[in-house]
Structures are given as structure tokens and as C-alpha cells.
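Everything on this sheet refers to the single structure shown next.
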Amino acid sequence: MKTKKLLSLVLAGTLALSLTACGGSDDAVASIKKKGTITMVTNASFEPFEYKDGDTVIGIDAEIGQAIADDLGVKLEIQDIDFNSCIPSLTSGKADFCAAGMSVTEERKKNVDFTDTYFDASQMILVGSDSTIAGGSDINDKTVGVQQGTTGDTYVTNEDGSNDVKVKEVKRYTKLTDAVSDLTAGRIDAVVGDNFPLKKLQANNPETTKLLDDALTTETYAIAVPKGSNLKDEINSLLKKMQGDGSLEEIFSKYISE
Ligand code: GLN
């Protein structure tokens, strides 16, 4: 009898501990404030949203991340990891939020919660400057580079047959910049990725690449948090405030000229 009671207490304790460890803590905001640091994960090869200036991660999401930390009165720690590892970092409780130009998808919603959206995006196609590929239908039977685990990857891979794409081969990279290097070296025929990062990459390779007009998808970016984290409400009120006082727009226009 006594042993049984003790066992159930131990089990309950273990359950409570493991819930906290996977980010299911009911007061994430309080524990972040107590720690004095908030951890953001991102993949810093996604200019203008996140990229590096020396060792520092800068860009739109880095500034939004800083605003979140300032709002809570804590220090911001940014971890630059593979895009593919961002959601696992949240589900394992290693990070508090992910700001990575991450598009909201039903699939991702199974594992994380999203804040309100803060940016509209689409998938576009970057090709070599003398390519005959002129639009979405021309990538069929071609070798196409994408960033692994992104919505561009999902679109081009077309595993569920939700679009008309049927490429010859999908080459997956951890960084879009590496895909563009392979494009300019002639190892792949096209790169599919998010519109603004591709615009930046095109501008960095003006002689060798061109960006096509076709927008293949419509997507929206939001910040991801562990499921059930009350940081979501905190970020949503901050985003509303920043939309109202123009500070969000100010961040966008600092990094995006058009
Ligand atoms: N918006 C895309 C996605 O969510 C790409 C994001 C990224 O590469 N950082 O999949």
C-alpha cells in the first residue's frame, strides 16, 4: 500500500518534470524571466531575415527577437542552427522560440504553436542568367536545389502530389547560399526558395543569375514556440504594439528597400 503510494508520487513527479523539460511548462514567461535569458533559434543564412555580420546574427528576425527580449527585460541568446533543427529545439525544450522566416504550415502546427503572422512570402525560382527556364512549369524534369526542410523543399519534392511539379532530382542543401553556388557552377538547373532571400542572392550574383517573376506559393511567416507556451500571447501583444507604433515597419524598411 505504502509502496504503491510512493510509486505513484514518484511517477507524478517524473511526469511533471518531463512536461517542463519539453517546453510544456504552463508559465514559460515566468521561467524565462527567472533565468534572465531567452533563447532564440534560427538559421542565419537567410538574408534579410537572418544573416551574419562577423559573429553577430543580424536581420529582421534578430531585431524582432531583440524586441521580445527587451519586452521581457531579459538577455537575448541567438543560436544559429540548421533550419531543420529549429522545431526539434523547441519540442525538446532547448529553445524558447524560433524566428527564422518560418512559414506557418499545418504539418508544423502539429509540433509547435505559431504566433500571429508578421510577413507575407512566396516561393520563387532562381536560374542561371542564360537559362531557358522561364516559369514554374519549366522546372519539370530539371535538377532543382532547395533548402532542406523548408516549404520550398516540400513544394519541389511534391510528395503528396498537391501541385503539378515533377522534377528530375531534388538537391537539398542546409544553406540557400550553397544551392546558389551549385547553380552558378552549373551543377543544378534552378533554385526554389523564399522570395526576399532569393532577391538578395540574385543581387549578390547579378551577372550569373536571374530571378523569375512566378510566385509559386503564398505563405506567411510567424514565430514558433513550444506547444502550450504562454510566450505566444506575450509575443502577440508585442507584435500588435509594434504594428501600431510603426516600429515593426521600421525594422522591415531597414532591411528591405522596395
Ligand atoms: N519560409 C520557408 C519555410 O518556412 C523557409 C525558411 C528558411 O529557410 N529560413 O520553410
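Convention: chains lettered A, B, ... in C-alpha cells order; per-chain residue numbering from 1; ligands numbered from 1 as shown.
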Discussion item. Need the shell around Ser253 of chain A: protein/DNA/RNA residues with any atom at most 12 Å away, counting only C-alpha atoms. Skip same-chain ones fewer than 6 positions apart. Format as a list in words?
Written reply: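 Contacts, with the query itself left out: Pro48, Phe49, Gly59, Ile60, Gly246 and Ser247 of chain A.
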Keeping only N, CA, C and O atoms, write the selected residues to a file as a short mmCIF file (atom, residue, chain, number, x, y, z; two decimals), in the first residue's frame.
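Output (part_33.cif):
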```cif
data_model
loop_
_atom_site.label_atom_id
_atom_site.label_comp_id
_atom_site.auth_asym_id
_atom_site.auth_seq_id
_atom_site.Cartn_x
_atom_site.Cartn_y
_atom_site.Cartn_z
N PRO A 48 17.16 38.86 -46.01
CA PRO A 48 17.38 39.88 -44.98
C PRO A 48 16.81 39.53 -43.61
O PRO A 48 16.81 40.36 -42.73
N PHE A 49 16.33 38.30 -43.41
CA PHE A 49 15.68 37.96 -42.15
C PHE A 49 16.70 37.58 -41.07
O PHE A 49 16.56 37.96 -39.92
N GLY A 59 19.52 41.10 -38.85
CA GLY A 59 18.40 40.92 -39.77
C GLY A 59 17.06 41.15 -39.07
O GLY A 59 17.00 41.37 -37.86
N ILE A 60 16.00 41.09 -39.87
CA ILE A 60 14.65 41.38 -39.38
C ILE A 60 14.29 40.52 -38.16
O ILE A 60 13.85 41.05 -37.13
N GLY A 246 4.49 51.58 -35.39
CA GLY A 246 5.34 51.70 -36.57
C GLY A 246 6.72 51.09 -36.43
O GLY A 246 7.52 51.10 -37.38
N SER A 247 7.05 50.53 -35.25
CA SER A 247 8.42 50.03 -35.08
C SER A 247 8.67 48.75 -35.89
O SER A 247 9.81 48.49 -36.31
#
```
Item to complete: With only C-alpha atoms and all ligand atoms counted, collect every polymer residue having an atom within 6 Å of ligand 1; state the result as number ranges by chain.
Response: A: 43, 46, 83, 100-103, 150-151, 194
Okay, now the selection with N, CA, C and O atoms, as a PDB file, in the first residue's frame?
```
ATOM      1  N   ASN A  43      18.254  30.064 -38.508  1.00  0.00           N
ATOM      2  CA  ASN A  43      19.309  29.652 -39.428  1.00  0.00           C
ATOM      3  C   ASN A  43      19.807  30.900 -40.143  1.00  0.00           C
ATOM      4  O   ASN A  43      19.128  31.434 -41.028  1.00  0.00           O
ATOM      5  N   PHE A  46      19.859  33.544 -44.275  1.00  0.00           N
ATOM      6  CA  PHE A  46      18.556  33.831 -44.856  1.00  0.00           C
ATOM      7  C   PHE A  46      18.346  35.350 -44.876  1.00  0.00           C
ATOM      8  O   PHE A  46      17.389  35.876 -44.316  1.00  0.00           O
ATOM      9  N   PHE A  83      18.078  24.939 -40.326  1.00  0.00           N
ATOM     10  CA  PHE A  83      16.647  25.253 -40.310  1.00  0.00           C
ATOM     11  C   PHE A  83      15.842  24.042 -39.833  1.00  0.00           C
ATOM     12  O   PHE A  83      14.900  24.168 -39.050  1.00  0.00           O
ATOM     13  N   ALA A 100      12.693  32.502 -37.813  1.00  0.00           N
ATOM     14  CA  ALA A 100      13.560  32.056 -38.916  1.00  0.00           C
ATOM     15  C   ALA A 100      12.862  32.185 -40.264  1.00  0.00           C
ATOM     16  O   ALA A 100      13.029  31.345 -41.131  1.00  0.00           O
ATOM     17  N   GLY A 101      12.082  33.255 -40.421  1.00  0.00           N
ATOM     18  CA  GLY A 101      11.307  33.362 -41.663  1.00  0.00           C
ATOM     19  C   GLY A 101      10.513  32.092 -41.860  1.00  0.00           C
ATOM     20  O   GLY A 101      10.376  31.596 -42.976  1.00  0.00           O
ATOM     21  N   MET A 102      10.004  31.567 -40.748  1.00  0.00           N
ATOM     22  CA  MET A 102       9.325  30.273 -40.819  1.00  0.00           C
ATOM     23  C   MET A 102       7.874  30.444 -41.255  1.00  0.00           C
ATOM     24  O   MET A 102       7.109  31.192 -40.641  1.00  0.00           O
ATOM     25  N   SER A 103       7.504  29.742 -42.322  1.00  0.00           N
ATOM     26  CA  SER A 103       6.134  29.796 -42.822  1.00  0.00           C
ATOM     27  C   SER A 103       5.246  28.904 -41.965  1.00  0.00           C
ATOM     28  O   SER A 103       5.656  27.825 -41.549  1.00  0.00           O
ATOM     29  N   THR A 150      12.441  23.023 -45.844  1.00  0.00           N
ATOM     30  CA  THR A 150      11.668  24.256 -45.999  1.00  0.00           C
ATOM     31  C   THR A 150      10.417  24.001 -46.840  1.00  0.00           C
ATOM     32  O   THR A 150      10.244  22.926 -47.425  1.00  0.00           O
ATOM     33  N   THR A 151       9.587  25.019 -46.923  1.00  0.00           N
ATOM     34  CA  THR A 151       8.391  24.920 -47.754  1.00  0.00           C
ATOM     35  C   THR A 151       8.780  24.800 -49.236  1.00  0.00           C
ATOM     36  O   THR A 151       8.031  24.221 -50.016  1.00  0.00           O
ATOM     37  N   ASP A 194      12.514  31.139 -50.811  1.00  0.00           N
ATOM     38  CA  ASP A 194      11.678  32.278 -50.439  1.00  0.00           C
ATOM     39  C   ASP A 194      12.078  33.534 -51.224  1.00  0.00           C
ATOM     40  O   ASP A 194      13.263  33.770 -51.479  1.00  0.00           O
TER      41      ASP A 194
END
```
Worksheet item: Looking at only C-alpha atoms, which of A:Ile32, A:Gly54, A:Thr117, A:Asn205 is the one that sits closest to Lys75 of chain A?
Response: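 Under the stated criterion, the closest residue is A:Ile32.
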How close does segment 155-256 of chain A get to segment 123-142 of chain A? List, as a tab-separated table, each residue of segment 155-256 of chain A within 7 Å, its nearest atom pair and the distance in Å to one decimal, counting only C-alpha atoms.
```
residue	atom	partner	partner_atom	distance
A:Val165	CA	A:Asn140	CA	6.0
A:Lys166	CA	A:Asn140	CA	5.0
A:Val167	CA	A:Asn140	CA	4.3
A:Lys168	CA	A:Asp141	CA	4.2
A:Glu169	CA	A:Lys142	CA	6.6
A:Leu183	CA	A:Gly128	CA	6.6
A:Thr184	CA	A:Gly128	CA	6.3
A:Asp189	CA	A:Lys142	CA	6.2
A:Ala190	CA	A:Val127	CA	4.7
A:Val191	CA	A:Leu126	CA	5.1
A:Val192	CA	A:Ile125	CA	4.7
A:Gly193	CA	A:Gln123	CA	5.1
A:Asp194	CA	A:Gln123	CA	4.6
A:Asn195	CA	A:Met124	CA	5.4
A:Leu198	CA	A:Leu126	CA	6.9
A:Glu207	CA	A:Ser129	CA	6.9
A:Thr208	CA	A:Ser129	CA	5.1
A:Thr209	CA	A:Gly128	CA	4.3
A:Lys210	CA	A:Ser129	CA	5.1
A:Leu211	CA	A:Leu126	CA	4.5
A:Leu212	CA	A:Ile125	CA	5.6
A:Asp214	CA	A:Gly135	CA	5.9
A:Ala215	CA	A:Met124	CA	5.3
A:Leu216	CA	A:Gln123	CA	5.2
A:Thr217	CA	A:Gln123	CA	5.4
```
Discussion item. Residues within 7 Å of segment 234-242 of chain A, please, as number ranges by chain. Count only C-alpha atoms; anything in the same chain fewer than 5 positions from it doesn't count.
Written reply: A: 68, 115-116, 247-248
